[in-house]
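Below is target09.cif, holding mmCIF, C-alpha atoms.
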data_structure
#
loop_
_atom_site.group_PDB
_atom_site.id
_atom_site.type_symbol
_atom_site.label_atom_id
_atom_site.label_comp_id
_atom_site.auth_asym_id
_atom_site.auth_seq_id
_atom_site.Cartn_x
_atom_site.Cartn_y
_atom_site.Cartn_z
ATOM 1 C CA MET A 106 0.000 0.000 0.000
ATOM 2 C CA GLN A 107 1.265 3.453 -0.920
ATOM 3 C CA THR A 108 1.674 5.645 2.170
ATOM 4 C CA LYS A 109 2.325 9.321 2.661
ATOM 5 C CA VAL A 110 3.282 11.661 5.487
ATOM 6 C CA GLU A 111 0.581 14.106 6.445
ATOM 7 C CA LYS A 112 0.163 16.909 8.951
ATOM 8 C CA LEU A 113 -2.158 15.742 11.717
ATOM 9 C CA LYS A 114 -5.240 17.717 12.665
ATOM 10 C CA ILE A 115 -6.147 17.767 16.333
ATOM 11 C CA ASN A 116 -9.492 16.127 16.934
ATOM 12 C CA PHE A 117 -10.806 13.442 19.262
ATOM 13 C CA LYS A 118 -10.027 10.656 16.775
ATOM 14 C CA THR A 119 -6.367 11.701 16.459
ATOM 15 C CA LEU A 120 -6.013 12.076 20.225
ATOM 16 C CA GLU A 121 -7.498 8.637 20.744
ATOM 17 C CA GLU A 122 -4.942 7.192 18.303
ATOM 18 C CA PHE A 123 -2.125 9.015 20.127
ATOM 19 C CA LYS A 124 -2.863 6.920 23.227
ATOM 20 C CA LYS A 125 -1.434 3.869 21.451
ATOM 21 C CA PHE A 126 2.019 5.447 21.293
ATOM 22 C CA LYS A 127 4.435 4.960 24.179
ATOM 23 C CA GLU A 128 5.608 8.559 24.147
ATOM 24 C CA TYR A 129 2.298 9.953 25.341
ATOM 25 C CA GLY A 130 2.719 12.848 27.747
ATOM 26 C CA ILE A 131 1.835 16.374 28.800
ATOM 27 C CA GLN A 132 1.825 17.580 25.205
ATOM 28 C CA GLU A 133 -0.994 15.213 24.226
ATOM 29 C CA LEU A 134 -2.885 15.692 27.503
ATOM 30 C CA SER A 135 -2.718 19.438 27.034
ATOM 31 C CA MET A 136 -4.180 19.186 23.503
ATOM 32 C CA LEU A 137 -6.975 16.943 24.783
ATOM 33 C CA GLU A 138 -7.854 19.374 27.579
ATOM 34 C CA ASP A 139 -7.797 22.331 25.187
ATOM 35 C CA LEU A 140 -10.132 20.507 22.813
ATOM 36 C CA GLU A 141 -12.521 19.461 25.584
ATOM 37 C CA ALA A 142 -12.609 22.996 26.983
ATOM 38 C CA ASN A 143 -13.150 24.479 23.499
ATOM 39 C CA ILE A 144 -9.887 26.412 23.852
ATOM 40 C CA ILE A 145 -8.897 24.991 20.475
ATOM 41 C CA ASP A 146 -11.222 24.057 17.650
ATOM 42 C CA ASN A 147 -11.758 20.604 16.264
ATOM 43 C CA ASP A 148 -9.231 19.974 13.457
ATOM 44 C CA SER A 149 -6.789 22.589 14.769
ATOM 45 C CA GLU A 150 -3.215 22.568 13.506
ATOM 46 C CA SER A 151 -0.687 20.523 15.463
ATOM 47 C CA PRO A 152 3.073 20.070 15.296
ATOM 48 C CA PHE A 153 2.484 16.353 14.595
ATOM 49 C CA TYR A 154 2.945 14.538 11.296
ATOM 50 C CA GLY A 155 1.932 10.947 10.747
ATOM 51 C CA ILE A 156 1.473 8.036 8.386
ATOM 52 C CA TYR A 157 -1.843 6.230 8.043
ATOM 53 C CA PHE A 158 -2.026 2.608 6.995
ATOM 54 C CA GLY A 159 -5.601 2.303 5.831
ATOM 55 C CA ASP A 160 -7.347 4.554 8.340
ATOM 56 C CA LYS A 161 -5.055 3.616 11.226
ATOM 57 C CA LEU A 162 -2.311 5.985 12.410
ATOM 58 C CA VAL A 163 0.778 3.742 12.555
ATOM 59 C CA ALA A 164 3.668 6.222 12.818
ATOM 60 C CA ARG A 165 4.098 9.785 13.974
ATOM 61 C CA MET A 166 6.551 12.498 14.900
ATOM 62 C CA SER A 167 6.440 16.082 16.106
ATOM 63 C CA LEU A 168 8.293 18.777 14.135
ATOM 64 C CA TYR A 169 8.812 22.361 15.112
ATOM 65 C CA GLN A 170 10.882 25.097 13.509
ATOM 66 C CA ILE A 171 13.185 26.768 16.050
ATOM 67 C CA ASP A 172 14.170 30.349 15.293
ATOM 68 C CA GLU A 173 17.881 31.083 14.967
ATOM 69 C CA LYS A 174 17.760 33.388 17.995
ATOM 70 C CA PHE A 175 17.145 30.303 20.176
ATOM 71 C CA ASP A 176 19.782 28.201 18.426
ATOM 72 C CA ARG A 177 22.540 26.819 20.655
ATOM 73 C CA TYR A 178 23.869 24.165 18.284
ATOM 74 C CA PHE A 179 25.153 25.870 15.141
ATOM 75 C CA THR A 180 27.840 28.445 14.329
ATOM 76 C CA PRO A 181 26.709 30.881 13.038
ATOM 77 C CA PRO A 182 23.254 30.465 14.625
ATOM 78 C CA GLN A 183 20.561 29.371 12.213
ATOM 79 C CA SER A 184 16.972 28.229 12.170
ATOM 80 C CA TYR A 185 16.519 24.486 12.448
ATOM 81 C CA VAL A 186 13.822 21.875 12.870
ATOM 82 C CA GLU A 187 13.425 20.038 16.162
ATOM 83 C CA LEU A 188 12.075 16.509 15.805
ATOM 84 C CA TRP A 189 10.654 14.569 18.736
ATOM 85 C CA LYS A 190 8.322 11.649 19.464
ATOM 86 C CA LEU A 191 9.250 9.791 16.307
ATOM 87 C CA GLU A 192 7.567 6.452 16.875
ATOM 88 C CA VAL A 193 6.232 3.563 14.824
ATOM 89 C CA LEU A 194 3.674 1.200 16.395
ATOM 90 C CA PRO A 195 5.247 -2.216 17.146
ATOM 91 C CA ASP A 196 3.342 -4.218 14.499
ATOM 92 C CA TYR A 197 4.410 -1.751 11.800
ATOM 93 C CA GLN A 198 8.125 -1.508 12.524
ATOM 94 C CA GLY A 199 10.763 -2.561 10.001
ATOM 95 C CA LYS A 200 8.625 -1.462 7.047
ATOM 96 C CA GLY A 201 10.335 1.869 6.341
ATOM 97 C CA PHE A 202 7.790 4.167 8.066
ATOM 98 C CA GLY A 203 10.421 5.672 10.375
ATOM 99 C CA ARG A 204 12.664 6.364 7.401
ATOM 100 C CA GLU A 205 9.736 7.913 5.511
ATOM 101 C CA LEU A 206 9.084 10.333 8.386
ATOM 102 C CA VAL A 207 12.744 11.349 8.665
ATOM 103 C CA GLU A 208 13.024 11.876 4.894
ATOM 104 C CA PHE A 209 9.989 14.125 5.146
ATOM 105 C CA ALA A 210 11.643 16.166 7.926
ATOM 106 C CA LYS A 211 14.791 16.492 5.811
ATOM 107 C CA SER A 212 12.755 17.844 2.905
ATOM 108 C CA PHE A 213 12.416 21.190 4.725
ATOM 109 C CA GLY A 214 16.098 21.753 3.844
ATOM 110 C CA LEU A 215 16.954 22.880 7.392
ATOM 111 C CA PRO A 216 19.245 21.221 9.931
ATOM 112 C CA ILE A 217 17.417 18.858 12.265
ATOM 113 C CA LYS A 218 17.966 18.303 15.962
ATOM 114 C CA THR A 219 16.562 15.339 17.854
ATOM 115 C CA ASN A 220 17.001 13.784 21.289
ATOM 116 C CA PRO A 221 16.287 10.091 20.797
ATOM 117 C CA ARG A 222 16.201 7.234 23.268
ATOM 118 C CA MET A 223 19.531 5.430 23.177
ATOM 119 C CA GLN A 224 17.806 2.380 21.609
ATOM 120 C CA SER A 225 17.095 4.357 18.428
ATOM 121 C CA PHE A 226 20.605 5.809 18.094
ATOM 122 C CA ASP A 227 21.590 3.287 15.417
ATOM 123 C CA PHE A 228 18.538 4.168 13.364
ATOM 124 C CA PHE A 229 19.327 7.881 13.441
ATOM 125 C CA GLU A 230 22.994 7.296 12.652
ATOM 126 C CA LYS A 231 21.954 5.263 9.623
ATOM 127 C CA MET A 232 19.835 8.265 8.640
ATOM 128 C CA GLY A 233 22.949 10.469 8.705
ATOM 129 C CA PHE A 234 22.551 12.095 12.136
ATOM 130 C CA LYS A 235 25.683 12.876 14.150
ATOM 131 C CA SER A 236 26.215 13.122 17.898
ATOM 132 C CA VAL A 237 27.081 16.550 19.329
ATOM 133 C CA ASP A 238 29.874 17.123 21.831
ATOM 134 C CA TYR A 239 28.020 16.881 25.126
ATOM 135 C CA GLU A 240 27.815 20.108 27.187
ATOM 136 C CA THR A 241 26.162 19.791 30.603
ATOM 137 C CA GLU A 242 24.571 23.238 30.755
ATOM 138 C CA ARG A 243 23.096 22.965 27.270
ATOM 139 C CA ASP A 244 22.326 19.279 26.953
ATOM 140 C CA ARG A 245 21.578 18.155 30.554
ATOM 141 C CA GLY A 246 19.832 14.791 30.310
ATOM 142 C CA GLU A 247 19.557 14.900 26.516
ATOM 143 C CA ASN A 248 21.341 12.800 23.896
ATOM 144 C CA PRO A 249 21.291 15.302 21.041
ATOM 145 C CA LEU A 250 21.814 14.218 17.455
ATOM 146 C CA LEU A 251 22.059 16.611 14.538
ATOM 147 C CA TRP A 252 21.583 16.298 10.811
ATOM 148 C CA TYR A 253 22.849 18.901 8.356
ATOM 149 C CA PRO A 254 21.653 19.502 4.819
ATOM 150 C CA GLU A 255 24.489 19.480 2.299
ATOM 151 C CA GLY A 256 26.517 22.672 2.570
ATOM 152 C CA THR A 257 25.912 23.373 6.289
ATOM 153 C CA GLU A 258 28.013 22.431 9.308
ATOM 154 C CA GLU A 259 27.884 22.336 13.115
ATOM 155 C CA MET B 1221 21.710 0.346 56.950
ATOM 156 C CA GLN B 1222 22.089 4.120 57.193
ATOM 157 C CA THR B 1223 22.515 5.708 53.757
ATOM 158 C CA LYS B 1224 23.467 9.173 52.602
ATOM 159 C CA VAL B 1225 23.471 11.167 49.395
ATOM 160 C CA GLU B 1226 26.918 12.038 48.138
ATOM 161 C CA LYS B 1227 28.375 13.920 45.195
ATOM 162 C CA LEU B 1228 29.894 11.414 42.771
ATOM 163 C CA LYS B 1229 33.479 11.723 41.614
ATOM 164 C CA ILE B 1230 34.186 10.726 38.033
ATOM 165 C CA ASN B 1231 36.491 7.745 37.853
ATOM 166 C CA PHE B 1232 36.461 4.400 36.081
ATOM 167 C CA LYS B 1233 34.678 2.678 38.983
ATOM 168 C CA THR B 1234 31.808 5.217 38.967
ATOM 169 C CA LEU B 1235 31.493 5.040 35.182
ATOM 170 C CA GLU B 1236 31.386 1.256 35.328
ATOM 171 C CA GLU B 1237 28.547 1.489 37.890
ATOM 172 C CA PHE B 1238 26.692 3.981 35.652
ATOM 173 C CA LYS B 1239 26.360 1.252 32.997
ATOM 174 C CA LYS B 1240 23.844 -0.546 35.224
ATOM 175 C CA PHE B 1241 21.401 2.354 34.951
ATOM 176 C CA LYS B 1242 18.887 2.445 32.122
ATOM 177 C CA GLU B 1243 19.363 6.151 31.474
ATOM 178 C CA TYR B 1244 22.896 5.771 30.186
ATOM 179 C CA GLY B 1245 23.656 8.092 27.296
ATOM 180 C CA ILE B 1246 25.903 10.687 25.682
ATOM 181 C CA GLN B 1247 26.553 12.387 29.021
ATOM 182 C CA GLU B 1248 28.157 9.258 30.500
ATOM 183 C CA LEU B 1249 29.929 8.314 27.257
ATOM 184 C CA SER B 1250 31.393 11.805 27.081
ATOM 185 C CA MET B 1251 32.738 11.569 30.665
ATOM 186 C CA LEU B 1252 34.276 8.174 29.894
ATOM 187 C CA GLU B 1253 35.994 9.483 26.745
ATOM 188 C CA ASP B 1254 37.278 12.551 28.598
ATOM 189 C CA LEU B 1255 38.717 10.352 31.337
ATOM 190 C CA GLU B 1256 40.317 7.921 28.881
ATOM 191 C CA ALA B 1257 41.854 10.788 26.905
ATOM 192 C CA ASN B 1258 43.110 12.476 30.107
ATOM 193 C CA ILE B 1259 40.970 15.522 29.286
ATOM 194 C CA ILE B 1260 39.575 15.255 32.819
ATOM 195 C CA ASP B 1261 41.409 13.935 35.868
ATOM 196 C CA ASN B 1262 40.465 10.864 37.844
ATOM 197 C CA ASP B 1263 38.010 11.875 40.607
ATOM 198 C CA SER B 1264 36.871 15.014 38.760
ATOM 199 C CA GLU B 1265 33.680 16.735 39.858
ATOM 200 C CA SER B 1266 30.441 15.651 38.198
ATOM 201 C CA PRO B 1267 26.823 16.848 38.278
ATOM 202 C CA PHE B 1268 25.837 13.411 39.656
ATOM 203 C CA TYR B 1269 24.773 12.559 43.190
ATOM 204 C CA GLY B 1270 24.202 9.054 44.390
ATOM 205 C CA ILE B 1271 23.467 6.663 47.225
ATOM 206 C CA TYR B 1272 25.736 3.720 48.022
ATOM 207 C CA PHE B 1273 24.396 0.612 49.687
ATOM 208 C CA GLY B 1274 27.542 -0.981 51.018
ATOM 209 C CA ASP B 1275 29.995 -0.172 48.235
ATOM 210 C CA LYS B 1276 27.411 -0.512 45.465
ATOM 211 C CA LEU B 1277 25.876 2.544 43.778
ATOM 212 C CA VAL B 1278 22.125 1.834 43.898
ATOM 213 C CA ALA B 1279 20.535 5.212 43.088
ATOM 214 C CA ARG B 1280 21.634 8.348 41.329
ATOM 215 C CA MET B 1281 20.518 11.652 39.851
ATOM 216 C CA SER B 1282 22.085 14.576 38.056
ATOM 217 C CA LEU B 1283 21.617 18.091 39.452
ATOM 218 C CA TYR B 1284 22.626 21.339 37.844
ATOM 219 C CA GLN B 1285 21.957 24.921 38.866
ATOM 220 C CA ILE B 1286 20.505 26.955 36.001
ATOM 221 C CA ASP B 1287 21.168 30.664 36.094
ATOM 222 C CA GLU B 1288 18.133 32.950 36.148
ATOM 223 C CA LYS B 1289 19.092 34.431 32.769
ATOM 224 C CA PHE B 1290 18.270 31.055 31.184
ATOM 225 C CA ASP B 1291 15.057 30.607 33.175
ATOM 226 C CA ARG B 1292 11.909 30.144 31.087
ATOM 227 C CA TYR B 1293 9.653 28.770 33.817
ATOM 228 C CA PHE B 1294 9.319 31.364 36.576
ATOM 229 C CA THR B 1295 8.009 34.922 36.808
ATOM 230 C CA PRO B 1296 10.100 36.847 37.712
ATOM 231 C CA PRO B 1297 12.991 34.752 36.374
ATOM 232 C CA GLN B 1298 15.075 33.056 39.036
ATOM 233 C CA SER B 1299 17.833 30.522 39.424
ATOM 234 C CA TYR B 1300 16.660 26.944 39.813
ATOM 235 C CA VAL B 1301 17.973 23.423 39.951
ATOM 236 C CA GLU B 1302 17.433 21.055 37.062
ATOM 237 C CA LEU B 1303 17.177 17.400 38.061
ATOM 238 C CA TRP B 1304 17.541 14.558 35.556
ATOM 239 C CA LYS B 1305 18.378 10.843 35.428
ATOM 240 C CA LEU B 1306 16.873 10.134 38.834
ATOM 241 C CA GLU B 1307 16.950 6.354 38.913
ATOM 242 C CA VAL B 1308 17.027 3.573 41.482
ATOM 243 C CA LEU B 1309 18.286 0.119 40.442
ATOM 244 C CA PRO B 1310 15.375 -2.391 40.225
ATOM 245 C CA ASP B 1311 16.355 -4.501 43.279
ATOM 246 C CA TYR B 1312 16.538 -1.391 45.459
ATOM 247 C CA GLN B 1313 13.254 0.282 44.537
ATOM 248 C CA GLY B 1314 10.522 0.902 47.106
ATOM 249 C CA LYS B 1315 13.031 1.475 49.918
ATOM 250 C CA GLY B 1316 12.922 5.287 49.959
ATOM 251 C CA PHE B 1317 16.126 5.945 47.974
ATOM 252 C CA GLY B 1318 14.305 7.999 45.326
ATOM 253 C CA ARG B 1319 12.693 10.083 48.050
ATOM 254 C CA GLU B 1320 16.066 10.548 49.761
ATOM 255 C CA LEU B 1321 17.554 11.921 46.526
ATOM 256 C CA VAL B 1322 14.664 14.329 45.945
ATOM 257 C CA GLU B 1323 14.779 15.572 49.555
ATOM 258 C CA PHE B 1324 18.476 16.249 49.027
ATOM 259 C CA ALA B 1325 17.722 18.278 45.867
ATOM 260 C CA LYS B 1326 15.092 20.255 47.778
ATOM 261 C CA SER B 1327 17.626 21.105 50.491
ATOM 262 C CA PHE B 1328 19.265 23.636 48.133
ATOM 263 C CA GLY B 1329 16.220 25.841 48.764
ATOM 264 C CA LEU B 1330 15.787 26.590 45.044
ATOM 265 C CA PRO B 1331 12.903 25.650 42.741
ATOM 266 C CA ILE B 1332 13.462 22.355 40.926
ATOM 267 C CA LYS B 1333 12.596 21.449 37.357
ATOM 268 C CA THR B 1334 12.538 17.894 36.079
ATOM 269 C CA ASN B 1335 11.354 16.099 32.937
ATOM 270 C CA PRO B 1336 10.451 12.595 34.090
ATOM 271 C CA ARG B 1337 9.234 9.581 32.156
ATOM 272 C CA MET B 1338 5.463 9.396 32.446
ATOM 273 C CA GLN B 1339 5.795 6.215 34.585
ATOM 274 C CA SER B 1340 7.393 8.249 37.388
ATOM 275 C CA PHE B 1341 4.841 11.082 37.333
ATOM 276 C CA ASP B 1342 2.980 9.736 40.360
ATOM 277 C CA PHE B 1343 6.203 9.581 42.344
ATOM 278 C CA PHE B 1344 7.052 13.204 41.601
ATOM 279 C CA GLU B 1345 3.520 14.370 42.313
ATOM 280 C CA LYS B 1346 3.709 12.651 45.697
ATOM 281 C CA MET B 1347 6.939 14.584 46.240
ATOM 282 C CA GLY B 1348 5.054 17.858 45.673
ATOM 283 C CA PHE B 1349 5.962 18.537 42.028
ATOM 284 C CA LYS B 1350 3.391 20.211 39.784
ATOM 285 C CA SER B 1351 2.862 20.011 36.040
ATOM 286 C CA VAL B 1352 3.467 23.167 33.992
ATOM 287 C CA ASP B 1353 1.097 24.437 31.321
ATOM 288 C CA TYR B 1354 2.542 22.860 28.196
ATOM 289 C CA GLU B 1355 4.016 25.294 25.622
ATOM 290 C CA THR B 1356 5.252 23.716 22.376
ATOM 291 C CA GLU B 1357 8.150 26.065 21.690
ATOM 292 C CA ARG B 1358 9.520 25.807 25.219
ATOM 293 C CA ASP B 1359 8.654 22.263 26.207
ATOM 294 C CA ARG B 1360 8.714 20.334 22.877
ATOM 295 C CA GLY B 1361 8.887 16.646 23.778
ATOM 296 C CA GLU B 1362 9.334 17.268 27.500
ATOM 297 C CA ASN B 1363 6.925 16.615 30.375
ATOM 298 C CA PRO B 1364 8.125 19.322 32.758
ATOM 299 C CA LEU B 1365 7.319 19.191 36.452
ATOM 300 C CA LEU B 1366 8.237 21.948 38.900
ATOM 301 C CA TRP B 1367 8.680 22.104 42.628
ATOM 302 C CA TYR B 1368 8.713 25.388 44.550
ATOM 303 C CA PRO B 1369 10.196 26.035 47.975
ATOM 304 C CA GLU B 1370 7.730 27.638 50.347
ATOM 305 C CA GLY B 1371 7.218 31.298 49.442
ATOM 306 C CA THR B 1372 7.925 31.016 45.672
ATOM 307 C CA GLU B 1373 5.501 30.527 42.789
ATOM 308 C CA GLU B 1374 5.455 29.751 39.075
#
Output the file's structure as structure tokens, nothing else.
Amino acid sequence: MQTKVEKLKINFKTLEEFKKFKEYGIQELSMLEDLEANIIDNDSESPFYGIYFGDKLVARMSLYQIDEKFDRYFTPPQSYVELWKLEVLPDYQGKGFGRELVEFAKSFGLPIKTNPRMQSFDFFEKMGFKSVDYETERDRGENPLLWYPEGTEE
Amino acid sequence: MQTKVEKLKINFKTLEEFKKFKEYGIQELSMLEDLEANIIDNDSESPFYGIYFGDKLVARMSLYQIDEKFDRYFTPPQSYVELWKLEVLPDYQGKGFGRELVEFAKSFGLPIKTNPRMQSFDFFEKMGFKSVDYETERDRGENPLLWYPEGTEE
């Protein structure tokens, strides 16, 4: 089946599907509360992108463009994309959905920063991400990995 | 057995003990490389605190004081302590070691910020931590919890 990456709208169906992902936290709870309290509308924009297999959400990630004035990773400072909560449901792993999401993130043409679990380090290294030199004040408990489009450097 | 929280020195024995903890990542690997390359001395200072049971490290956390100019959680901005990698080895859980570490962190008299796994949310709430209002740009994939000493507020 042909799949594609799409921007996820926030509605009760999406939020119900989010519960199946391990990395479910304050971000999702906050969206659910905002929807229930009519603080955000049904089908509001979200920073999440996902892949549907049939009508089932099987993979997702969150992407957010960080302005260069908040950049602490590149010299000179530049805008970049932060990627988090990249996750493929267990039954759908090993089918290229993770790769499809990362390729989509790369298509913005900006550097990407992510802070993966150590278990997914190999995956991100295969996708061309490189480890930063750890700095306590900046990185604290994170394990930051960076990817650069051709022509840019750390 | 009476236990106490102590600041951990970085040496090969400590780094070997760190490998038993699940939250082992770039921070630890970086300390190991620096030690091996003589970039840091044996018994250098670290941001880690731990509890020994006999001569075995059974619980640890990392603490780091964040200067008020980097504060994005409190109004007005103030210095606070960031706590990460709080972890008790499986055979030593439920004996109060986690609580002992958090009480130690509180003894600095500064607000504390942490970003726990969702599984340990209940523990931190019992310890008096409160969830922040989630903001995408600031919090991204984090689940931030804050604790305030008496007399301070978010």
Exercise for review: Would you kindly return, as an NGL selection string, each protein, DNA or RNA residue with an atom no farther than 12 Å from any atom of Glu1237 in chain B, considering only C-alpha atoms and excluding same-chain residues fewer than 3 positions away?
Suggested key: :B and (1228-1234 or 1240-1242 or 1244 or 1248 or 1252 or 1270-1272 or 1275-1280 or 1309)
Exercise for review: Provide the CA of Ile1332 in chain B to CA of Leu1303 in chain B distance in Å, to one decimal place.
Suggested key: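 CA of Ile1332 in chain B sits 6.8 Å away from CA of Leu1303 in chain B.
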Review point. Could you write out as a ChimeraX atom specification the residues of chain B within 7 Å of chain A, counting all atoms listed in the file?
Key: /B:1245-1247,1250,1304-1305,1338,1354,1361,1363
With 4 Å on each side, where is the centre of the axis-aligned box around all listed atoms of range 196-212 of chain A, and how long are its edges in Å to one decimal, as lines of an AutoDock Vina configuration file?
center_x = 9.1
center_y = 6.8
center_z = 8.7
size_x = 19.4
size_y = 30.1
size_z = 19.6
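The interatomic distance for the pair CA of Val193 in chain A and CA of Leu251 in chain A works out to 20.5 Å.
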Review point. So how far away is CA of Pro1336 in chain B from CA of Tyr1293 in chain B, in Å?
Key: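 About the pair CA of Tyr1293 in chain B and CA of Pro1336 in chain B: they are 16.2 Å apart.
The list of residues with at least one atom within 10 Å of Trp252 in chain A, based on only C-alpha atoms and without residues fewer than 5 positions apart in the same chain, reads Tyr185, Val186, Lys211, Leu215, Pro216, Ile217, Lys218, Thr219, Phe229, Glu230, Met232, Gly233, Phe234, Lys235, Ser236, Thr257, Glu258 and Glu259 of chain A.
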